[in-house]
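This is structure-v9.tsv. It holds TSV, C-alpha atoms and all ligand atoms.
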chain	number	residue	atom	x	y	z
A	1	MET	CA	94.42	140.35	108.91
A	2	ASP	CA	95.89	137.82	111.28
A	3	HIS	CA	99.57	138.13	111.85
A	4	ILE	CA	101.60	135.12	112.74
A	5	LEU	CA	105.10	134.58	114.04
A	6	ARG	CA	107.15	132.55	111.64
A	7	ASN	CA	110.68	131.28	111.61
A	8	LEU	CA	111.69	131.87	108.01
A	9	THR	CA	114.60	129.49	108.42
A	10	GLU	CA	112.11	126.70	108.94
A	11	ASP	CA	110.26	127.52	105.73
A	12	ILE	CA	113.49	127.71	103.77
A	13	VAL	CA	114.81	124.45	105.20
A	14	ILE	CA	111.60	122.64	104.26
A	15	SER	CA	111.46	124.09	100.75
A	16	GLU	CA	115.16	123.42	100.08
A	17	LEU	CA	114.81	119.91	101.46
A	18	ASP	CA	111.91	119.23	99.12
A	19	SER	CA	113.90	120.41	96.13
A	20	MET	CA	117.05	118.51	97.18
A	21	ILE	CA	115.59	115.28	98.50
A	22	ASN	CA	116.04	113.31	95.30
A	23	LYS	CA	119.73	114.22	95.17
A	24	LEU	CA	120.42	113.42	98.82
A	25	ASP	CA	120.52	109.65	98.40
A	26	CYS	CA	118.82	108.90	101.69
A	27	CYS	CA	115.52	107.57	102.96
A	28	LYS	CA	112.64	109.84	102.02
A	29	CYS	CA	110.12	108.79	104.64
A	30	ASP	CA	108.47	111.45	106.77
A	31	LYS	CA	110.53	110.58	109.83
A	32	CYS	CA	113.86	110.84	108.03
A	33	ARG	CA	112.89	114.02	106.21
A	34	LEU	CA	111.97	115.67	109.48
A	35	ASP	CA	115.14	114.37	111.14
A	36	ILE	CA	117.20	115.96	108.37
A	37	ALA	CA	115.24	119.20	108.69
A	38	SER	CA	115.74	119.17	112.49
A	39	TYR	CA	119.45	118.63	112.07
A	40	ALA	CA	119.74	121.63	109.77
A	41	LEU	CA	117.45	123.84	111.86
A	42	ASN	CA	119.44	123.19	115.02
A	43	ARG	CA	122.56	124.44	113.27
A	44	LEU	CA	121.16	127.48	111.50
A	45	PRO	CA	120.17	130.82	113.02
A	46	ALA	CA	116.45	131.41	113.41
A	47	LYS	CA	114.97	134.25	111.35
A	48	TYR	CA	111.73	135.21	113.01
A	49	ILE	CA	109.32	137.63	111.40
A	50	ALA	CA	105.80	138.77	112.09
A	51	THR	CA	103.86	138.28	108.92
A	52	THR	CA	100.59	137.19	107.44
A	53	GLN	CA	100.18	133.89	105.69
A	54	GLY	CA	99.77	135.67	102.34
A	55	GLU	CA	103.02	137.62	102.73
A	56	LEU	CA	105.06	134.62	103.64
A	57	MET	CA	106.12	133.56	100.16
A	58	SER	CA	107.39	137.02	99.24
A	59	LYS	CA	109.36	137.12	102.48
A	60	ILE	CA	111.01	133.81	101.69
A	61	SER	CA	112.15	135.18	98.34
A	62	ILE	CA	114.21	137.94	100.01
A	63	ILE	CA	116.47	135.39	101.67
A	64	ASP	CA	119.89	135.74	100.11
A	65	ASN	CA	121.76	133.05	98.25
A	66	ASP	CA	124.51	132.75	100.84
A	67	PHE	CA	121.95	131.69	103.40
A	68	ARG	CA	120.39	129.22	100.98
A	69	MET	CA	123.82	127.73	100.44
A	70	ARG	CA	124.24	127.31	104.19
A	71	VAL	CA	120.86	125.64	104.37
A	72	ALA	CA	121.79	123.27	101.54
A	73	THR	CA	125.10	122.43	103.24
A	74	GLU	CA	123.45	121.62	106.56
A	75	LEU	CA	120.78	119.55	104.83
A	76	SER	CA	123.45	117.49	103.05
A	77	LYS	CA	125.23	116.88	106.36
A	78	GLY	CA	121.94	116.01	108.02
A	79	ALA	CA	121.17	113.52	105.27
A	80	GLN	CA	124.50	111.78	105.86
A	81	VAL	CA	123.84	111.55	109.60
A	82	VAL	CA	120.32	110.23	109.10
A	83	LYS	CA	121.53	107.77	106.49
A	84	LYS	CA	123.99	106.29	109.00
A	85	ASN	CA	121.48	106.31	111.83
A	86	PRO	CA	118.00	106.00	110.40
A	87	ARG	CA	115.53	106.18	113.25
A	88	HIS	CA	112.42	105.23	111.31
A	89	ALA	CA	112.85	101.51	112.02
A	90	ALA	CA	113.65	101.96	115.71
A	91	VAL	CA	110.28	103.43	116.55
A	92	PRO	CA	107.57	100.84	117.11
A	93	SER	CA	104.54	102.08	115.29
A	94	THR	CA	101.69	101.01	113.11
A	95	PRO	CA	102.71	99.79	109.66
A	96	LEU	CA	103.18	102.42	107.01
A	97	PRO	CA	100.55	102.65	104.32
A	98	ASN	CA	101.27	100.36	101.45
A	99	PRO	CA	102.41	101.28	98.87
A	100	LEU	CA	104.33	104.28	100.16
A	101	PRO	CA	103.32	107.52	98.52
A	102	ALA	CA	105.88	108.68	95.98
A	103	VAL	CA	105.42	112.29	96.97
A	104	ILE	CA	105.32	113.22	100.61
A	105	GLU	CA	103.29	116.29	101.27
A	106	THR	CA	104.49	118.99	103.60
A	107	LYS	CA	101.97	119.66	106.30
B	1	ZN	ZN	113.18	106.79	106.75
Entire entry expressed as structure tokens:
Amino acid sequence: MDHILRNLTEDIVISELDSMINKLDCCKCDKCRLDIASYALNRLPAKYIATTQGELMSKISIIDNDFRMRVATELSKGAQVVKKNPRHAAVPSTPLPNPLPAVIETK
């Protein structure tokens, strides 16, 4: 089986962000979501593990609640920062697909 190096913090940040996004009262476009995730990830310790793709979900479940709370706190702060300084409009790019998808998939 192929083992991969994963930063569990990244997986937790993305999954918490997806579950919180509707409560965050901020733009939900891909750019803003990733900006919020980056903000949180830069302020949280990395938790690297060697794992297989199949084991990953069970590893995420061992993360304790205190750490999840920290993740949620940093995501809320990140959302406030992004809300004040949204960068989606500043980047010249091709128009977004219309209409915008209601659910943004995590790649
Ligand atoms: Zn946005």
Report task. Could you please give me, as number ranges by chain, the residues of protein, DNA or RNA lying at most 8 Å from (100.1, 136.4, 114.6) in the coordinate frame of the file, considering all atoms listed in the file? Result -> A: 2-5, 50-52
Find the nearest atom pair between each residue of chain A and ligand ZN 1 (chain B) for residues within 6 Å, count all atoms listed in the file, give distances in Å to one decimal, sort rows by chain and ascending number, and present the table as JSON lines.
{"residue": "A:Cys27", "atom": "CA", "partner": "B:ZN1", "partner_atom": "ZN", "distance": 4.5}
{"residue": "A:Lys28", "atom": "CA", "partner": "B:ZN1", "partner_atom": "ZN", "distance": 5.7}
{"residue": "A:Cys29", "atom": "CA", "partner": "B:ZN1", "partner_atom": "ZN", "distance": 4.2}
{"residue": "A:Lys31", "atom": "CA", "partner": "B:ZN1", "partner_atom": "ZN", "distance": 5.6}
{"residue": "A:Cys32", "atom": "CA", "partner": "B:ZN1", "partner_atom": "ZN", "distance": 4.3}
{"residue": "A:His88", "atom": "CA", "partner": "B:ZN1", "partner_atom": "ZN", "distance": 4.9}
Output C-alpha atoms of each residue in that selection to a file, as a PDB file, in the coordinates of the input.
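And here's result-v4.pdb as it stands now:
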ATOM      1  CA  CYS A  27     115.520 107.570 102.960  1.00  0.00           C
ATOM      2  CA  LYS A  28     112.640 109.840 102.020  1.00  0.00           C
ATOM      3  CA  CYS A  29     110.120 108.790 104.640  1.00  0.00           C
ATOM      4  CA  LYS A  31     110.530 110.580 109.830  1.00  0.00           C
ATOM      5  CA  CYS A  32     113.860 110.840 108.030  1.00  0.00           C
ATOM      6  CA  HIS A  88     112.420 105.230 111.310  1.00  0.00           C
TER       7      HIS A  88
END
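Note that CA of Asp35 in chain A and CA of Ile62 in chain A are 26.1 Å apart.
Shortest atom-to-atom contact with Leu41 in chain A among A:Cys26, A:Leu8, A:Ile21, A:Met57: A:Leu8, counting only C-alpha atoms.
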Checklist entry - If you measure from CA of Ala89 in chain A to CA of Leu44 in chain A, what distance in Å do you get, rounded to one decimal? => result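 Between CA of Ala89 in chain A and CA of Leu44 in chain A the gap is 27.3 Å.
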Using all atoms listed in the file, the best pick from A:Ile36, A:Leu24, A:Val81, A:Ile12 as closest to Ile63 in chain A would be A:Ile12
What separates CA of Arg43 in chain A and CA of Ser15 in chain A is a distance of 16.7 Å
Distance criterion (all atoms listed in the file): nearest to Thr9 in chain A out of A:Leu56, A:Arg33, A:Lys23, A:Lys84 |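 Looking at the shortest contact to Thr9 in chain A, the residue is A:Leu56.
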